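Here is the structure we will look at, set down as structure tokens.
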Amino acid sequence: MNARRETHRPRARVLLGWVVLLALCPAITTHAQPGRVRPASAVEAGERAIADLRVEEAAELARAALRERPDDPRAIALMGVVAFHQGDYGSAVSHLERAGNVGELGELLTTVRATRDLLAPFVSARSVDGRYQVWHAPGPDALLVPYALDALQAADRYISGVLGHRVPGPIRLEIYPDARSLAQVSSLTVQDIERSGTIALCKWDRLMVTSPRALLHGYAWTDTISHELVHLILARASRDRAPVWVQEGIAKYLEGGYRRGAGTFALDAVSQGILHEAVAADALLPFERLHPSIALLPSQRDAALAFAQVSTFVHGFHSRYGNTGIVDVIRRMAADEDARDAFAAAAGAPFAELESRWRTDVRALPSPTRPRLLPRRLVAAMGAQDDTADVAELGAEARRRLRLGDLLYGRRRFGAAAHEYAAALVIAPEDPVVAARFARSALESGQAERAVEALRPVVATHPEYAPSAALLARALEASGQSAEAGRVAQQAIRLNPFDPAPHCVLSTAGPERERPAEAQRCASLGR
Ligand SMILES: [Zn+2]
């Protein structure tokens, strides 16, 4: 997709959580007097519409309500909430201030003001058709824009097809420079983010994603954009009535489909290992444990288990009942059916049977190699590119060999370093950190084939660890396997596009028409 770049101040947009609005406006739940059916006023209808995420209808109704009663605080508050959902933060703040800063609305106003202030210096880009808008801090994150727009377009097409629902757009993506910014504009704290590894959200009808620059090893940031887009489309299609376990199950299940195609879902090896252990120890989490958010689970391991459970449940359901089944479940939830009842009715089988089939499916998954979970680490929390914490789990001898290797590598004795790292790799085979160190020194000492051999398995088991993907791309290119080098370089960019290495690989091994741009990125990032 061609991105028409624009640099201007953000169109402000206001949003207010519907729960807050309901609390503010108890009249929403007030029933008509017996014997008298009073037609809903524009403001009441608007409040219901925004609660259902029927944002465009709510906007119409808010305008009508304000025409009728320009000084009605409820109508003004409704307009503020609508403006927040539409990204018009300046208007949202002014309406919410005028409506009166009371109770939970005050809390929302704080978030809306923080959002307005954070985004004030941001710049934006949009797709040619205007359907996708990306907002980011000026500077390095501009690099993300073309990739983000491509991912949005492909994911939108794929997800809308499966869920049977197309949102009217524009679809708004905000990329924050760090986790602190994400915390500022959401209800999460930096501690929540570090503990659970949550670095993106979909809330208030927009995608909120942290730049891969903020993570030490990158992360699957384009898949994350796709994941959040599932949430956005599903929230609208279900009138925001899908519980967290359904939201996360469908989002995790569909997130990679935009690039892998339908029917290609597979758990990564780490998640599969965690799921296997939980089954064996009879320690599966009840689906409700995911409420109110995976971000509030006690560890990244629990978060990984939760995602593994709900995504495999959705996988089993989708394999048996197809898009029709999923669309039926969503339609039922939108009509306020309980999620379990909705699955049962769509399948024509009791939920207990669906759950027991799922347990059977999970037990039948191929036996994993139990690779270890590498937690996401924020750059800010770690200081410089220090990965001491990543090797802390290794045994003493492996760590000793690594230290020796590091020392030799620092003295540019690459062959000797490779020798020490190889010894560590024997002790900790298929460890992503050890394999990456070995491969780096093997490459420097002209042993590209050995680097490829060490990296292939870890790139398969740890598809989110950017350093090994980037190194594998380089090693493949150095050993003359350019087609695969190009594919792996694309994978590395989907994890960390700020590393010059995959761009350098693509400047010679990528598609002809992209080579000049990649050469330019290779040069500018490498400086
Ligand atoms: Zn999610």
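In the structure tokens, chains take the letters A, B, ... in the order shown, each chain's residues start at 1, and ligands count up from 1 in the order shown.
Selecting all polymer residues at most 8 Å from ligand 1, using only C-alpha atoms and all ligand atoms, gives A:Ala200, A:Leu201, A:Cys202, A:His227, A:Glu228, A:His231, A:Gln247, A:Glu248, A:Ala251, A:Lys252, A:Ile294.
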request  = Could you give me, as a ChimeraX atom specification, each residue of stretch 120-349 of chain A that DSSP assigns to strand (DSSP E or B) when run on this structure's backbone?
outcome  = /A:123-127,132-136,171-176,200-203,206-210,215
request  = Write out as number ranges by chain which residues come within 12 Å of stretch 270-280 of chain A when counting only C-alpha atoms, dropping same-chain ones fewer than 3 positions away.
outcome  = A: 252, 266-267, 283-286, 300-312, 358-375, 431-432, 458-465
Can you tell me, as a PDB file with N, CA and C atoms, in the first residue's frame, what residues are no more than 6 Å from stretch 209-224 of chain A when counting only C-alpha atoms, ignoring any on the same chain fewer than 6 positions away?
ATOM      1  N   ILE A 175       0.753   4.703  17.930  1.00  0.00           N
ATOM      2  CA  ILE A 175       1.980   4.000  18.330  1.00  0.00           C
ATOM      3  C   ILE A 175       2.704   4.880  19.349  1.00  0.00           C
ATOM      4  N   TYR A 176       2.883   4.341  20.555  1.00  0.00           N
ATOM      5  CA  TYR A 176       3.514   5.122  21.616  1.00  0.00           C
ATOM      6  C   TYR A 176       5.001   4.788  21.697  1.00  0.00           C
ATOM      7  N   PRO A 177       5.819   5.801  22.045  1.00  0.00           N
ATOM      8  CA  PRO A 177       7.268   5.559  22.042  1.00  0.00           C
ATOM      9  C   PRO A 177       7.739   4.629  23.143  1.00  0.00           C
ATOM     10  N   ASP A 178       6.966   4.507  24.238  1.00  0.00           N
ATOM     11  CA  ASP A 178       7.402   3.656  25.345  1.00  0.00           C
ATOM     12  C   ASP A 178       6.207   3.199  26.172  1.00  0.00           C
ATOM     13  N   ILE A 199       1.690  -4.948  25.953  1.00  0.00           N
ATOM     14  CA  ILE A 199       2.269  -3.727  25.429  1.00  0.00           C
ATOM     15  C   ILE A 199       1.372  -3.085  24.401  1.00  0.00           C
ATOM     16  N   ALA A 200       0.137  -3.587  24.327  1.00  0.00           N
ATOM     17  CA  ALA A 200      -0.813  -3.010  23.387  1.00  0.00           C
ATOM     18  C   ALA A 200      -2.220  -3.245  23.907  1.00  0.00           C
ATOM     19  N   GLU A 255      -4.850 -13.610  14.957  1.00  0.00           N
ATOM     20  CA  GLU A 255      -3.871 -12.531  14.778  1.00  0.00           C
ATOM     21  C   GLU A 255      -2.869 -12.770  13.647  1.00  0.00           C
ATOM     22  N   GLY A 256      -2.480 -14.016  13.396  1.00  0.00           N
ATOM     23  CA  GLY A 256      -1.463 -14.263  12.369  1.00  0.00           C
ATOM     24  C   GLY A 256      -2.052 -14.569  10.995  1.00  0.00           C
ATOM     25  N   ARG A 377      11.114  -7.794  27.702  1.00  0.00           N
ATOM     26  CA  ARG A 377      11.785  -6.869  28.608  1.00  0.00           C
ATOM     27  C   ARG A 377      11.783  -5.474  27.986  1.00  0.00           C
ATOM     28  N   LEU A 378      11.376  -4.516  28.815  1.00  0.00           N
ATOM     29  CA  LEU A 378      11.348  -3.142  28.332  1.00  0.00           C
ATOM     30  C   LEU A 378      12.750  -2.571  28.343  1.00  0.00           C
ATOM     31  N   VAL A 379      13.088  -1.796  27.328  1.00  0.00           N
ATOM     32  CA  VAL A 379      14.404  -1.175  27.263  1.00  0.00           C
ATOM     33  C   VAL A 379      14.632  -0.290  28.489  1.00  0.00           C
ATOM     34  N   GLU A 464       9.492 -14.962  18.511  1.00  0.00           N
ATOM     35  CA  GLU A 464       9.418 -13.549  18.910  1.00  0.00           C
ATOM     36  C   GLU A 464      10.774 -12.973  19.312  1.00  0.00           C
ATOM     37  N   TYR A 465      11.844 -13.764  19.221  1.00  0.00           N
ATOM     38  CA  TYR A 465      13.159 -13.273  19.657  1.00  0.00           C
ATOM     39  C   TYR A 465      13.875 -12.681  18.440  1.00  0.00           C
ATOM     40  N   ALA A 466      13.852 -11.355  18.350  1.00  0.00           N
ATOM     41  CA  ALA A 466      14.337 -10.671  17.147  1.00  0.00           C
ATOM     42  C   ALA A 466      15.810 -10.932  16.819  1.00  0.00           C
ATOM     43  N   ARG A 494       9.353  -7.808  11.193  1.00  0.00           N
ATOM     44  CA  ARG A 494       8.081  -7.867  11.922  1.00  0.00           C
ATOM     45  C   ARG A 494       8.304  -7.923  13.442  1.00  0.00           C
ATOM     46  N   LEU A 495       9.563  -8.106  13.863  1.00  0.00           N
ATOM     47  CA  LEU A 495       9.894  -8.112  15.291  1.00  0.00           C
ATOM     48  C   LEU A 495      10.620  -6.844  15.713  1.00  0.00           C
ATOM     49  N   ASN A 496      11.591  -6.434  14.909  1.00  0.00           N
ATOM     50  CA  ASN A 496      12.348  -5.223  15.244  1.00  0.00           C
ATOM     51  C   ASN A 496      12.858  -4.546  13.977  1.00  0.00           C
TER      52      ASN A 496
END
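The shortest atom-to-atom distance to A:Arg98, with only C-alpha atoms taken into account, belongs to A:Ala75 out of A:Leu506, A:Leu118, A:Ala75, A:Ile250.
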Could the residues of stretch 164-247 of chain A that have an atom at most 6 Å from stretch 126-134 of chain A be listed as a tab-separated table, each with its closest atom pair and the distance in Å to one decimal, counting only C-alpha atoms and ordered by chain and ascending residue number?
residue	atom	partner	partner_atom	distance
A:Gly169	CA	A:Arg131	CA	5.6
A:Pro170	CA	A:Arg131	CA	4.4
A:Ile171	CA	A:Tyr132	CA	4.9
A:Arg172	CA	A:Gln133	CA	4.9
A:Leu173	CA	A:Val134	CA	4.8
A:Glu174	CA	A:Val134	CA	5.9
Got a sec: who's within 8 Å of A:Ile330, counting only C-alpha atoms, leaving out chain neighbours fewer than 5 positions off, as a PDB file with N, CA, C and O atoms, in the first residue's frame?
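As a result, out_7.pdb now contains:
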ATOM      1  N   LEU A 163     -15.008 -12.708  10.678  1.00  0.00           N
ATOM      2  CA  LEU A 163     -16.012 -12.295  11.671  1.00  0.00           C
ATOM      3  C   LEU A 163     -17.306 -11.806  11.018  1.00  0.00           C
ATOM      4  O   LEU A 163     -18.286 -11.507  11.711  1.00  0.00           O
ATOM      5  N   LEU A 234     -14.312  -7.140  16.667  1.00  0.00           N
ATOM      6  CA  LEU A 234     -15.171  -8.003  17.476  1.00  0.00           C
ATOM      7  C   LEU A 234     -15.985  -7.194  18.492  1.00  0.00           C
ATOM      8  O   LEU A 234     -17.154  -7.489  18.743  1.00  0.00           O
ATOM      9  N   ALA A 237     -18.761  -5.708  16.495  1.00  0.00           N
ATOM     10  CA  ALA A 237     -19.700  -6.722  15.997  1.00  0.00           C
ATOM     11  C   ALA A 237     -20.545  -7.305  17.134  1.00  0.00           C
ATOM     12  O   ALA A 237     -21.696  -7.668  16.929  1.00  0.00           O
ATOM     13  N   SER A 238     -19.960  -7.394  18.336  1.00  0.00           N
ATOM     14  CA  SER A 238     -20.690  -8.000  19.464  1.00  0.00           C
ATOM     15  C   SER A 238     -21.337  -6.936  20.347  1.00  0.00           C
ATOM     16  O   SER A 238     -21.818  -7.252  21.431  1.00  0.00           O
ATOM     17  N   ALA A 242     -18.778  -9.312  24.216  1.00  0.00           N
ATOM     18  CA  ALA A 242     -17.979 -10.535  24.283  1.00  0.00           C
ATOM     19  C   ALA A 242     -17.118 -10.475  25.539  1.00  0.00           C
ATOM     20  O   ALA A 242     -16.418  -9.487  25.762  1.00  0.00           O
ATOM     21  N   ALA A 342     -24.063 -18.979  23.910  1.00  0.00           N
ATOM     22  CA  ALA A 342     -23.948 -18.637  22.496  1.00  0.00           C
ATOM     23  C   ALA A 342     -23.128 -19.700  21.758  1.00  0.00           C
ATOM     24  O   ALA A 342     -23.504 -20.158  20.670  1.00  0.00           O
TER      25      ALA A 342
END
note = If you count only C-alpha atoms, the residue of A:Ala469, A:Val244, A:Ala416, A:Leu394 closest to A:Ser441 turns out to be A:Ala416
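Close contacts of A:Ala339, defined as residues with an atom at most 12 Å away when counting only C-alpha atoms, with chain neighbours fewer than 3 positions off set aside, comprise Ser238, Asp240, Arg241, Ala242, Pro243, Val244, Trp245, Val246, Gln247, Phe287, Glu288, Ile326, Asp328, Val329, Ile330, Arg331, Arg332, Met333, Ala334, Ala335, Asp336, Ala342, Phe343, Ala344, Ala345, Ala346 and Phe351 of chain A.
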request  = Do a neighbour search on A:Val391 at 9 Å with only C-alpha atoms, toss out local chain neighbours closer than 6 positions, and write the hits as a PyMOL selection string.
outcome  = chain A and resi 398-399+402+433-434
Output C-alpha atoms of each residue in that selection to a file, as a compact mmCIF listing (two decimals), in the first residue's frame.
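Saved to selection11.txt:
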# COMPACT_ATOMS: atom_id res chain seq x y z
CA ALA A 398 27.03 -22.42 30.55
CA ARG A 399 27.21 -18.92 32.01
CA LEU A 402 29.24 -17.32 27.81
CA VAL A 433 20.31 -16.36 23.71
CA VAL A 434 23.22 -18.83 23.58
task = Grab the atom CA of A:Phe438 to atom CA of A:Cys504 distance for me, in Å with one decimal place.
result = 20.9 Å
note = Of A:Gly257, A:Gly263, A:Gly197, A:Pro146, the one nearest to A:Leu296 when counting only C-alpha atoms is A:Gly197
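Between atom CA of A:Ile225 and atom CA of A:Arg513 lies a distance of 25.7 Å.
Atom CA of A:Asp341 is positioned 19.9 Å from atom CA of A:Pro292.
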request  = List every residue of stretch 348-476 of chain A that DSSP, applied to the backbone of this structure, places in alpha helix (DSSP H), and write the result as a VMD selection string.
outcome  = chain A and resid 351 to 363 379 to 382 388 to 391 396 to 410 414 to 427 432 to 444 448 to 461 466 to 476
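Checking A:Phe414, A:Tyr421, A:Phe84, A:Trp135 one by one against A:Arg401, counting only C-alpha atoms, you find the shortest gap at A:Tyr421.
Each of A:Ala519, A:Leu297, A:Val81, A:Leu254 was compared to A:Asp205 using only C-alpha atoms, and A:Val81 turns out to be the nearest.
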